[in-house]
>>> print(open('target_1.cif').read())   # mmCIF, C-alpha atoms
data_entry
loop_
_atom_site.label_atom_id
_atom_site.label_comp_id
_atom_site.auth_asym_id
_atom_site.auth_seq_id
_atom_site.Cartn_x
_atom_site.Cartn_y
_atom_site.Cartn_z
CA MET A 1 18.40 -10.23 16.21
CA ASN A 2 21.03 -11.36 18.73
CA HIS A 3 18.89 -10.72 21.81
CA PRO A 4 15.18 -10.25 22.55
CA LEU A 5 13.87 -6.70 22.42
CA ARG A 6 11.35 -4.94 24.61
CA VAL A 7 8.94 -3.65 21.95
CA GLY A 8 6.21 -1.05 22.28
CA VAL A 9 3.65 -0.32 19.57
CA VAL A 10 1.79 2.96 19.14
CA GLY A 11 -1.11 2.49 16.75
CA ALA A 12 -2.63 -0.99 16.96
CA GLY A 13 -4.13 -0.80 13.49
CA ARG A 14 -3.96 -3.56 10.94
CA VAL A 15 -0.21 -3.19 10.46
CA GLY A 16 0.86 -2.55 14.03
CA ALA A 17 -1.00 -5.43 15.63
CA VAL A 18 0.23 -7.92 13.03
CA LEU A 19 3.88 -6.80 13.19
CA ALA A 20 3.77 -6.93 16.97
CA ALA A 21 2.38 -10.47 16.88
CA ALA A 22 5.10 -11.50 14.42
CA LEU A 23 7.83 -10.01 16.61
CA GLN A 24 6.35 -11.75 19.62
CA SER A 25 6.48 -15.08 17.74
CA ALA A 26 10.13 -14.35 16.93
CA GLY A 27 10.91 -14.18 20.66
CA HIS A 28 10.64 -10.47 21.39
CA GLU A 29 8.61 -9.11 24.31
CA ILE A 30 5.72 -6.81 23.47
CA VAL A 31 5.64 -4.74 26.63
CA ALA A 32 2.71 -2.46 25.78
CA VAL A 33 0.56 -1.19 22.93
CA ALA A 34 -1.53 1.92 22.36
CA GLY A 35 -4.86 1.74 20.56
CA GLU A 36 -8.09 3.53 21.31
CA SER A 37 -10.69 2.43 18.77
CA ASP A 38 -12.92 -0.59 19.24
CA ALA A 39 -11.31 -2.19 16.18
CA SER A 40 -7.84 -1.68 17.65
CA ARG A 41 -8.88 -3.16 21.00
CA ALA A 42 -10.34 -6.18 19.20
CA ARG A 43 -7.11 -6.74 17.27
CA ILE A 44 -5.07 -6.47 20.45
CA ALA A 45 -7.30 -9.02 22.18
CA SER A 46 -7.06 -11.39 19.24
CA LEU A 47 -3.39 -11.08 18.24
CA LEU A 48 -1.76 -9.87 21.47
CA PRO A 49 -3.73 -11.36 24.37
CA GLY A 50 -2.45 -10.24 27.73
CA VAL A 51 -0.37 -7.33 26.41
CA PRO A 52 -1.08 -4.14 28.39
CA VAL A 53 -2.87 -1.31 26.61
CA GLU A 54 -1.35 2.02 27.63
CA LYS A 55 -1.16 5.66 26.58
CA PRO A 56 1.43 6.36 23.85
CA THR A 57 3.89 8.03 26.26
CA ALA A 58 3.68 5.09 28.66
CA VAL A 59 4.31 2.67 25.79
CA ALA A 60 7.42 4.60 24.74
CA ARG A 61 8.81 4.74 28.28
CA ALA A 62 8.47 0.97 28.67
CA CYS A 63 10.31 -0.17 25.55
CA ASP A 64 13.68 -0.32 23.82
CA LEU A 65 12.15 -0.40 20.33
CA LEU A 66 9.20 1.90 19.69
CA LEU A 67 7.19 0.92 16.62
CA LEU A 68 5.04 3.78 15.30
CA THR A 69 2.25 2.46 13.08
CA VAL A 70 0.00 5.52 13.02
CA PRO A 71 -1.42 7.17 9.85
CA ASP A 72 1.03 9.28 7.82
CA ASP A 73 -0.61 12.59 8.66
CA MET A 74 -0.43 11.90 12.40
CA LEU A 75 3.15 10.67 12.51
CA GLY A 76 4.96 13.99 12.85
CA ASN A 77 2.78 15.16 15.72
CA VAL A 78 3.09 11.83 17.55
CA VAL A 79 6.89 11.90 17.35
CA LYS A 80 7.15 15.51 18.50
CA THR A 81 4.65 15.11 21.34
CA MET A 82 6.35 12.02 22.77
CA THR A 83 9.82 13.51 22.38
CA ASP A 84 8.79 16.75 24.08
CA ALA A 85 7.27 14.70 26.90
CA GLY A 86 10.56 12.87 27.44
CA ALA A 87 9.03 9.49 26.53
CA ILE A 88 11.44 9.02 23.62
CA ARG A 89 14.94 8.77 25.04
CA PRO A 90 18.52 8.86 23.80
CA GLY A 91 19.72 5.45 22.67
CA MET A 92 16.31 3.87 22.11
CA TYR A 93 15.21 2.68 18.68
CA VAL A 94 12.28 4.39 16.98
CA ALA A 95 10.89 2.91 13.75
CA HIS A 96 7.85 3.95 11.77
CA THR A 97 6.02 1.91 9.13
CA SER A 98 5.01 4.72 6.78
CA GLY A 99 5.76 4.15 3.11
CA ARG A 100 5.82 7.83 2.26
CA HIS A 101 7.99 9.15 5.06
CA GLY A 102 11.67 8.57 5.68
CA LEU A 103 13.89 9.90 8.45
CA ALA A 104 12.98 13.60 8.31
CA ILE A 105 9.67 12.99 10.08
CA LEU A 106 11.63 11.45 12.98
CA GLU A 107 14.00 14.41 13.38
CA PRO A 108 12.78 15.35 16.89
CA ALA A 109 13.68 11.86 18.10
CA ALA A 110 17.00 11.80 16.22
CA ALA A 111 17.92 15.22 17.65
CA ILE A 112 17.93 13.86 21.21
CA GLY A 113 19.98 10.80 20.26
CA ALA A 114 17.42 8.10 19.43
CA HIS A 115 18.18 5.62 16.65
CA VAL A 116 15.59 6.26 13.92
CA MET A 117 14.53 4.28 10.86
CA ALA A 118 11.70 3.74 8.37
CA VAL A 119 10.52 0.14 8.10
CA HIS A 120 7.64 -0.18 5.64
CA PRO A 121 6.14 -3.56 4.68
CA ALA A 122 5.17 -3.64 1.01
CA MET A 123 2.04 -5.60 1.82
CA THR A 124 -1.68 -5.01 2.28
CA PHE A 125 -3.00 -6.06 5.67
CA SER A 126 -6.30 -7.43 6.94
CA GLY A 127 -5.31 -7.05 10.60
CA THR A 128 -5.86 -10.74 11.33
CA SER A 129 -3.69 -13.81 11.88
CA VAL A 130 -3.96 -14.49 8.13
CA ASP A 131 -1.38 -11.73 7.61
CA LEU A 132 1.30 -13.48 9.66
CA GLY A 133 2.03 -16.03 6.96
CA ARG A 134 2.09 -13.30 4.30
CA LEU A 135 5.05 -11.61 6.00
CA THR A 136 7.34 -14.44 4.91
CA GLY A 137 9.21 -13.10 1.90
CA CYS A 138 7.51 -9.69 2.13
CA VAL A 139 9.75 -6.83 1.01
CA PHE A 140 10.28 -4.02 3.54
CA GLY A 141 11.24 -0.57 2.27
CA LEU A 142 13.99 0.55 4.67
CA THR A 143 15.67 3.89 5.28
CA ALA A 144 18.28 4.40 8.00
CA ALA A 145 21.37 6.57 8.34
CA SER A 146 24.22 4.94 10.26
CA PRO A 147 25.69 1.47 9.64
CA THR A 148 24.52 0.48 13.12
CA ASP A 149 20.94 1.52 12.39
CA ARG A 150 21.01 -0.16 8.99
CA ALA A 151 22.17 -3.42 10.55
CA PHE A 152 19.46 -3.17 13.21
CA ALA A 153 16.75 -2.56 10.59
CA GLU A 154 17.88 -5.51 8.51
CA ALA A 155 17.92 -7.78 11.57
CA LEU A 156 14.42 -6.62 12.52
CA VAL A 157 13.11 -7.41 9.05
CA GLY A 158 14.82 -10.79 9.23
CA ASP A 159 12.95 -11.58 12.45
CA LEU A 160 9.71 -10.66 10.69
CA GLY A 161 10.52 -13.11 7.88
CA GLY A 162 10.87 -10.32 5.31
CA LYS A 163 13.41 -9.11 2.78
CA PRO A 164 15.10 -5.69 3.02
CA MET A 165 14.97 -3.12 0.22
CA TRP A 166 16.91 0.08 0.84
CA VAL A 167 15.10 3.25 -0.26
CA PRO A 168 16.97 6.59 -0.33
CA GLU A 169 15.40 9.31 1.81
CA GLU A 170 14.57 11.47 -1.20
CA MET A 171 12.84 8.57 -2.98
CA ARG A 172 10.47 7.50 -0.22
CA THR A 173 7.41 9.25 -1.70
CA LEU A 174 8.07 7.86 -5.18
CA TYR A 175 8.55 4.37 -3.74
CA HIS A 176 5.23 4.66 -1.94
CA ALA A 177 3.48 6.05 -5.03
CA GLY A 178 4.52 2.96 -6.98
CA LEU A 179 3.03 0.67 -4.35
CA ALA A 180 -0.18 2.69 -4.03
CA HIS A 181 -0.62 2.88 -7.81
CA GLY A 182 -0.17 -0.87 -8.12
CA ALA A 183 -2.17 -2.06 -5.11
CA ASN A 184 -4.71 0.60 -4.13
CA HIS A 185 -5.68 1.46 -7.68
CA LEU A 186 -5.87 -2.24 -8.49
CA VAL A 187 -8.63 -2.57 -5.90
CA THR A 188 -10.56 0.27 -7.55
CA LEU A 189 -10.01 -1.22 -11.00
CA VAL A 190 -11.15 -4.70 -9.98
CA THR A 191 -14.18 -3.35 -8.12
CA GLU A 192 -15.25 -1.40 -11.18
CA ALA A 193 -14.76 -4.47 -13.39
CA MET A 194 -17.07 -6.38 -11.04
CA GLU A 195 -19.63 -3.59 -11.28
CA ILE A 196 -19.57 -3.81 -15.08
CA LEU A 197 -19.96 -7.59 -14.99
CA SER A 198 -22.82 -7.29 -12.51
CA ALA A 199 -24.54 -4.86 -14.85
CA ALA A 200 -24.09 -7.45 -17.60
CA GLY A 201 -25.90 -10.03 -15.47
CA ALA A 202 -23.04 -11.95 -13.84
CA THR A 203 -24.20 -13.58 -10.62
CA ASP A 204 -20.62 -14.18 -9.42
CA PRO A 205 -18.45 -11.40 -10.86
CA ALA A 206 -15.59 -12.15 -8.48
CA GLY A 207 -15.54 -15.80 -9.48
CA THR A 208 -15.68 -14.81 -13.14
CA LEU A 209 -12.69 -12.48 -12.81
CA ARG A 210 -10.51 -14.47 -10.40
CA PRO A 211 -8.82 -16.90 -12.85
CA LEU A 212 -8.47 -14.19 -15.49
CA LEU A 213 -6.98 -11.62 -13.11
CA THR A 214 -4.68 -14.15 -11.45
CA ALA A 215 -3.23 -15.11 -14.82
CA ALA A 216 -3.01 -11.48 -15.95
CA LEU A 217 -1.22 -10.41 -12.75
CA ASP A 218 1.28 -13.26 -12.94
CA ASN A 219 1.96 -12.53 -16.61
CA ALA A 220 2.37 -8.80 -16.00
CA LEU A 221 4.79 -9.35 -13.12
CA ASP A 222 6.81 -11.81 -15.18
CA HIS A 223 6.71 -10.11 -18.59
CA GLY A 224 5.62 -6.48 -18.17
CA ASP A 225 4.08 -4.89 -21.27
CA ALA A 226 4.55 -8.10 -23.25
CA ALA A 227 1.63 -9.54 -21.26
CA LEU A 228 -0.86 -7.07 -22.79
CA THR A 229 -3.75 -8.65 -24.68
CA GLY A 230 -7.20 -7.46 -25.73
CA PRO A 231 -8.89 -5.17 -28.24
CA ILE A 232 -6.56 -2.17 -27.88
CA VAL A 233 -3.38 -4.15 -28.56
CA ARG A 234 -5.17 -5.78 -31.50
CA GLY A 235 -6.38 -2.42 -32.80
CA ASP A 236 -10.04 -3.41 -32.62
CA ALA A 237 -11.56 0.08 -32.69
CA GLY A 238 -15.07 -1.29 -33.21
CA THR A 239 -14.86 -3.32 -30.02
CA VAL A 240 -13.56 -0.34 -28.03
CA ALA A 241 -16.41 1.80 -29.40
CA ALA A 242 -18.93 -0.87 -28.36
CA HIS A 243 -17.38 -1.04 -24.88
CA LEU A 244 -17.70 2.71 -24.46
CA ASP A 245 -21.34 2.74 -25.61
CA ASP A 246 -22.42 -0.02 -23.23
CA ILE A 247 -20.46 1.39 -20.30
CA ARG A 248 -22.09 4.79 -20.84
CA THR A 249 -25.50 3.14 -20.63
CA ASN A 250 -25.05 0.52 -17.94
CA ALA A 251 -22.07 1.43 -15.73
CA PRO A 252 -21.35 5.13 -16.28
CA GLN A 253 -19.47 5.48 -13.00
CA THR A 254 -16.65 3.41 -14.52
CA LEU A 255 -16.32 5.34 -17.79
CA GLY A 256 -13.61 7.74 -16.60
CA SER A 257 -11.24 5.05 -15.39
CA TYR A 258 -11.92 2.87 -18.44
CA VAL A 259 -10.93 5.76 -20.72
CA SER A 260 -7.83 6.61 -18.68
CA MET A 261 -6.56 3.04 -18.56
CA ALA A 262 -7.41 2.46 -22.23
CA ARG A 263 -5.41 5.56 -23.18
CA ALA A 264 -2.39 4.40 -21.14
CA THR A 265 -2.65 0.95 -22.71
CA LEU A 266 -2.87 2.48 -26.18
CA ASP A 267 0.27 4.54 -25.61
CA ARG A 268 2.21 1.47 -24.53
CA ALA A 269 1.00 -0.63 -27.46
CA VAL A 270 2.10 2.10 -29.90
CA SER A 271 5.44 2.81 -28.24
CA ASP A 272 6.60 -0.81 -28.41
CA GLY A 273 5.48 -1.20 -32.04
CA ARG A 274 2.67 -3.71 -31.60
CA LEU A 275 0.01 -1.30 -32.85
CA VAL A 276 0.53 0.75 -36.00
CA PRO A 277 -0.24 4.49 -35.64
CA ILE A 278 -3.08 4.55 -38.18
CA ARG A 279 -5.07 1.98 -36.19
CA ALA A 280 -4.13 3.63 -32.92
CA LEU A 281 -5.48 6.96 -34.20
CA LYS A 282 -8.97 5.50 -34.62
CA ILE A 283 -8.99 4.33 -31.01
CA LYS A 284 -7.51 7.61 -29.79
CA LYS A 285 -10.36 9.56 -31.39
CA LEU A 286 -12.91 7.35 -29.65
CA LEU A 287 -11.19 7.85 -26.28
CA ASP A 288 -10.86 11.60 -26.81
CA ALA A 289 -14.57 11.86 -27.50
CA ALA A 290 -15.43 9.78 -24.45
CA SER A 291 -13.00 11.74 -22.31
CA SER A 292 -14.83 14.99 -23.13
CA GLU A 293 -18.02 13.42 -21.80
CA VAL A 294 -16.70 12.07 -18.53
CA GLY A 295 -17.33 15.25 -16.57
CA THR A 296 -21.01 15.22 -17.59
CA VAL A 297 -21.69 11.51 -17.17
CA GLU A 298 -24.36 10.95 -14.57
CA ALA A 299 -23.02 8.59 -11.93
CA PRO A 300 -24.20 7.55 -8.48
CA ALA A 301 -23.35 10.14 -5.83
CA ARG A 302 -20.10 9.39 -3.99
CA LYS A 303 -19.40 10.41 -0.41
CA TYR A 304 -15.87 11.44 0.50
CA SER A 305 -16.36 12.21 4.16
#
>>> encode(input="target_1.cif", output="structure tokens")
Amino acid sequence: MNHPLRVGVVGAGRVGAVLAAALQSAGHEIVAVAGESDASRARIASLLPGVPVEKPTAVARACDLLLLTVPDDMLGNVVKTMTDAGAIRPGMYVAHTSGRHGLAILEPAAAIGAHVMAVHPAMTFSGTSVDLGRLTGCVFGLTAASPTDRAFAEALVGDLGGKPMWVPEEMRTLYHAGLAHGANHLVTLVTEAMEILSAAGATDPAGTLRPLLTAALDNALDHGDAALTGPIVRGDAGTVAAHLDDIRTNAPQTLGSYVSMARATLDRAVSDGRLVPIRALKIKKLLDAASSEVGTVEAPARKYS
């Protein structure tokens, strides 16, 4: 960026507080932030000491770049409310960090002449100073309309130490689905693997998995399907059957995801020719039978509230 910006942040969650701290380190002025929860206030105190905490409209009125880091479902209402209140002005820059949304969600701001853009870091955040180093080389999914706005977004990402990736407006949701499937579902998968190992008696399931998963992730990123190993690729139906039996007995809450991932792995192994159909059919029958049971497997009650 050629000159320092006056930056305001609405939503001092894990992402907002970290990005604000990174922009501050790059020489920009964080004029105000909005955050109401105790966790948000703690992050502000830790990462942005001395920065005023204001209401969202006051934050917008004080800045040249408004960074909206609120949850996806709140974003539209926040933009409309602040635009209707006159806090978002013609000529100011308004960027959100949602992966799913593009420019349409910012239409109220664009309609009055604000420069709007989507700037999404493809990274998981802890909301601590540890994240600052992780921004270096992080890819940001960008969407902007005019050449001026595109140049601004790229410069902003450069100041954050990241790399720009342009995502068409109509592909924002698919882009975000790919990230969520890879990262969020990975957390579920790894947690369930630790539960299975714990049921098997492992005293340090995380330590047991760490070297294996690190190698598997690196191999998958470098080689894709060619990195697949294990009983399904080898066609070891007996081993898969044994897995299913022991999971049913000792970790039934993981049976559904085991079956789903095993089926997807089986399809890939067959499609690239590593597993002959006759051996694949044996495994498919085992998975089909287990799949019919999943709805009746007794698992610990889960709360979704």
>>> resolve_selection(input="target_1.cif", expression="the PyMOL selection byres ((chain A and resi 9-19) around 10)", output="VMD selection string")
chain A and resid 7 to 8 20 to 25 30 to 37 39 to 48 53 to 60 63 65 to 71 78 95 to 97 120 to 121 123 to 132 135 160
>>> residues_around(input="target_1.cif", residues="region 142-157 of chain A", least_positions_apart="3", cutoff="7 Å", atoms="all atoms listed in the file", output="list in words")
Met1, Gly102, His115, Val116, Met117, Ala118, Val119, His120, Leu160, Gly161, Gly162, Lys163, Pro164, Met165, Trp166, Val167, Pro168 and Glu169 of chain A
>>> atom_distance(input="target_1.cif", atom1="CA of Lys285 (chain A)", atom2="CA of Gly273 (chain A)")
19.2 Å
>>> atom_distance(input="target_1.cif", atom1="CA of Gly238 (chain A)", atom2="CA of Asp288 (chain A)")
15.0 Å
>>> atom_distance(input="target_1.cif", atom1="CA of Arg172 (chain A)", atom2="CA of Ala226 (chain A)")
28.4 Å
>>> resolve_selection(input="target_1.cif", expression="the PyMOL selection byres ((chain A and resi 254) around 9)", output="list in words")
Leu189, Glu192, Ala193, Glu195, Ile196, Ile247, Arg248, Ala251, Pro252, Gln253, Leu255, Gly256, Ser257, Tyr258, Val259 and Ala299 of chain A
>>> closest_residue(input="target_1.cif", among="A:Asp73, A:Glu293, A:Asp64, A:Asp267", to="Val94 (chain A)", atoms="all atoms listed in the file")
A:Asp64
>>> residues_around(input="target_1.cif", residues="Leu197 (chain A)", least_positions_apart="4", cutoff="12 Å", atoms="only C-alpha atoms", output="PyMOL selection string")
chain A and resi 190-193+201-209+246-247+250-251+254
>>> write_last_selection(input="target_1.cif", atoms="C-alpha atoms", output="compact mmCIF listing (two decimals), in the frame of the given file")
# COMPACT_ATOMS: atom_id res chain seq x y z
CA VAL A 190 -11.15 -4.70 -9.98
CA THR A 191 -14.18 -3.35 -8.12
CA GLU A 192 -15.25 -1.40 -11.18
CA ALA A 193 -14.76 -4.47 -13.39
CA GLY A 201 -25.90 -10.03 -15.47
CA ALA A 202 -23.04 -11.95 -13.84
CA THR A 203 -24.20 -13.58 -10.62
CA ASP A 204 -20.62 -14.18 -9.42
CA PRO A 205 -18.45 -11.40 -10.86
CA ALA A 206 -15.59 -12.15 -8.48
CA GLY A 207 -15.54 -15.80 -9.48
CA THR A 208 -15.68 -14.81 -13.14
CA LEU A 209 -12.69 -12.48 -12.81
CA ASP A 246 -22.42 -0.02 -23.23
CA ILE A 247 -20.46 1.39 -20.30
CA ASN A 250 -25.05 0.52 -17.94
CA ALA A 251 -22.07 1.43 -15.73
CA THR A 254 -16.65 3.41 -14.52
>>> closest_residue(input="target_1.cif", among="A:Gly113, A:Leu221, A:Asp159, A:Gly99", to="Thr173 (chain A)", atoms="only C-alpha atoms")
A:Gly99
>>> resolve_selection(input="target_1.cif", expression="the PyMOL selection byres ((chain A and resi 236) around 12)", output="PyMOL selection string")
chain A and resi 229-235+237-243+266+275-276+278-284+286
>>> residues_around(input="target_1.cif", residues="Asp84 (chain A)", least_positions_apart="5", cutoff="12 Å", atoms="all atoms listed in the file", output="ChimeraX atom specification")
/A:57,77-79,89,108-109,111-112
>>> axis_aligned_box(input="target_1.cif", around="region 196-210 of chain A", padding_each_side="5 Å", output="JSON")
{"center_x": -18.2, "center_y": -9.8, "center_z": -13.0, "size_x": 25.4, "size_y": 22.0, "size_z": 19.1}
>>> closest_residue(input="target_1.cif", among="A:Ala262, A:Ala269, A:Ala26, A:Leu106", to="Pro4 (chain A)", atoms="all atoms listed in the file")
A:Ala26
>>> decode(input="target_1.cif", residues="region 92-103 of chain A", atoms="all heavy atoms", output="mmCIF file, in the first residue's frame")
data_model
loop_
_atom_site.group_PDB
_atom_site.id
_atom_site.type_symbol
_atom_site.label_atom_id
_atom_site.label_comp_id
_atom_site.auth_asym_id
_atom_site.auth_seq_id
_atom_site.Cartn_x
_atom_site.Cartn_y
_atom_site.Cartn_z
ATOM 1 N N MET A 92 -15.415 5.349 0.525
ATOM 2 C CA MET A 92 -14.667 4.553 1.488
ATOM 3 C C MET A 92 -14.566 3.107 0.996
ATOM 4 O O MET A 92 -15.306 2.679 0.102
ATOM 5 C CB MET A 92 -15.308 4.609 2.877
ATOM 6 C CG MET A 92 -16.581 3.793 3.036
ATOM 7 S SD MET A 92 -17.316 3.964 4.703
ATOM 8 C CE MET A 92 -16.043 3.237 5.733
ATOM 9 N N TYR A 93 -13.637 2.368 1.563
ATOM 10 C CA TYR A 93 -13.438 0.971 1.191
ATOM 11 C C TYR A 93 -14.093 0.077 2.246
ATOM 12 O O TYR A 93 -13.901 0.278 3.449
ATOM 13 C CB TYR A 93 -11.945 0.647 1.081
ATOM 14 C CG TYR A 93 -11.304 1.269 -0.126
ATOM 15 C CD1 TYR A 93 -10.794 2.567 -0.072
ATOM 16 C CD2 TYR A 93 -11.227 0.580 -1.335
ATOM 17 C CE1 TYR A 93 -10.216 3.157 -1.185
ATOM 18 C CE2 TYR A 93 -10.641 1.160 -2.455
ATOM 19 C CZ TYR A 93 -10.141 2.449 -2.374
ATOM 20 O OH TYR A 93 -9.572 3.032 -3.479
ATOM 21 N N VAL A 94 -14.863 -0.891 1.766
ATOM 22 C CA VAL A 94 -15.541 -1.829 2.655
ATOM 23 C C VAL A 94 -15.167 -3.246 2.199
ATOM 24 O O VAL A 94 -15.448 -3.640 1.061
ATOM 25 C CB VAL A 94 -17.073 -1.650 2.619
ATOM 26 C CG1 VAL A 94 -17.739 -2.662 3.554
ATOM 27 C CG2 VAL A 94 -17.460 -0.224 2.990
ATOM 28 N N ALA A 95 -14.525 -3.985 3.089
ATOM 29 C CA ALA A 95 -14.100 -5.355 2.761
ATOM 30 C C ALA A 95 -14.645 -6.306 3.815
ATOM 31 O O ALA A 95 -14.606 -6.003 5.014
ATOM 32 C CB ALA A 95 -12.575 -5.442 2.714
ATOM 33 N N HIS A 96 -15.160 -7.435 3.375
ATOM 34 C CA HIS A 96 -15.550 -8.474 4.332
ATOM 35 C C HIS A 96 -14.629 -9.670 4.170
ATOM 36 O O HIS A 96 -13.948 -9.829 3.145
ATOM 37 C CB HIS A 96 -17.022 -8.871 4.170
ATOM 38 C CG HIS A 96 -17.335 -9.671 2.937
ATOM 39 N ND1 HIS A 96 -16.886 -10.956 2.738
ATOM 40 C CD2 HIS A 96 -18.085 -9.372 1.838
ATOM 41 C CE1 HIS A 96 -17.317 -11.425 1.595
ATOM 42 N NE2 HIS A 96 -18.046 -10.478 1.015
ATOM 43 N N THR A 97 -14.597 -10.528 5.193
ATOM 44 C CA THR A 97 -13.693 -11.677 5.198
ATOM 45 C C THR A 97 -14.434 -13.001 5.093
ATOM 46 O O THR A 97 -13.886 -14.051 5.415
ATOM 47 C CB THR A 97 -12.828 -11.673 6.473
ATOM 48 O OG1 THR A 97 -13.691 -11.709 7.628
ATOM 49 C CG2 THR A 97 -11.933 -10.443 6.531
ATOM 50 N N SER A 98 -15.686 -12.965 4.639
ATOM 51 C CA SER A 98 -16.454 -14.195 4.475
ATOM 52 C C SER A 98 -15.936 -14.997 3.286
ATOM 53 O O SER A 98 -15.642 -14.435 2.227
ATOM 54 C CB SER A 98 -17.935 -13.859 4.259
ATOM 55 O OG SER A 98 -18.659 -14.986 3.813
ATOM 56 N N GLY A 99 -15.836 -16.308 3.458
ATOM 57 C CA GLY A 99 -15.458 -17.147 2.328
ATOM 58 C C GLY A 99 -16.618 -17.360 1.384
ATOM 59 O O GLY A 99 -16.463 -17.356 0.172
ATOM 60 N N ARG A 100 -17.792 -17.524 1.941
ATOM 61 C CA ARG A 100 -18.972 -17.837 1.139
ATOM 62 C C ARG A 100 -19.438 -16.661 0.289
ATOM 63 O O ARG A 100 -19.810 -16.817 -0.869
ATOM 64 C CB ARG A 100 -20.108 -18.276 2.067
ATOM 65 C CG ARG A 100 -21.439 -18.434 1.363
ATOM 66 C CD ARG A 100 -22.586 -18.501 2.343
ATOM 67 N NE ARG A 100 -23.858 -18.335 1.661
ATOM 68 C CZ ARG A 100 -25.002 -18.097 2.273
ATOM 69 N NH1 ARG A 100 -25.024 -17.971 3.585
ATOM 70 N NH2 ARG A 100 -26.111 -17.956 1.596
ATOM 71 N N HIS A 101 -19.474 -15.488 0.868
ATOM 72 C CA HIS A 101 -20.069 -14.341 0.192
ATOM 73 C C HIS A 101 -19.070 -13.617 -0.715
ATOM 74 O O HIS A 101 -17.862 -13.617 -0.471
ATOM 75 C CB HIS A 101 -20.615 -13.345 1.213
ATOM 76 C CG HIS A 101 -21.807 -13.846 1.950
ATOM 77 N ND1 HIS A 101 -23.012 -14.127 1.332
ATOM 78 C CD2 HIS A 101 -21.988 -14.127 3.273
ATOM 79 C CE1 HIS A 101 -23.883 -14.546 2.235
ATOM 80 N NE2 HIS A 101 -23.290 -14.566 3.419
ATOM 81 N N GLY A 102 -19.633 -12.985 -1.742
ATOM 82 C CA GLY A 102 -18.840 -12.153 -2.633
ATOM 83 C C GLY A 102 -19.261 -10.710 -2.501
ATOM 84 O O GLY A 102 -19.342 -10.168 -1.388
ATOM 85 N N LEU A 103 -19.590 -10.084 -3.637
ATOM 86 C CA LEU A 103 -19.944 -8.672 -3.639
ATOM 87 C C LEU A 103 -21.434 -8.416 -3.426
ATOM 88 O O LEU A 103 -21.814 -7.332 -2.974
ATOM 89 C CB LEU A 103 -19.502 -8.029 -4.962
ATOM 90 C CG LEU A 103 -18.010 -8.165 -5.309
ATOM 91 C CD1 LEU A 103 -17.711 -7.426 -6.603
ATOM 92 C CD2 LEU A 103 -17.136 -7.651 -4.170
#
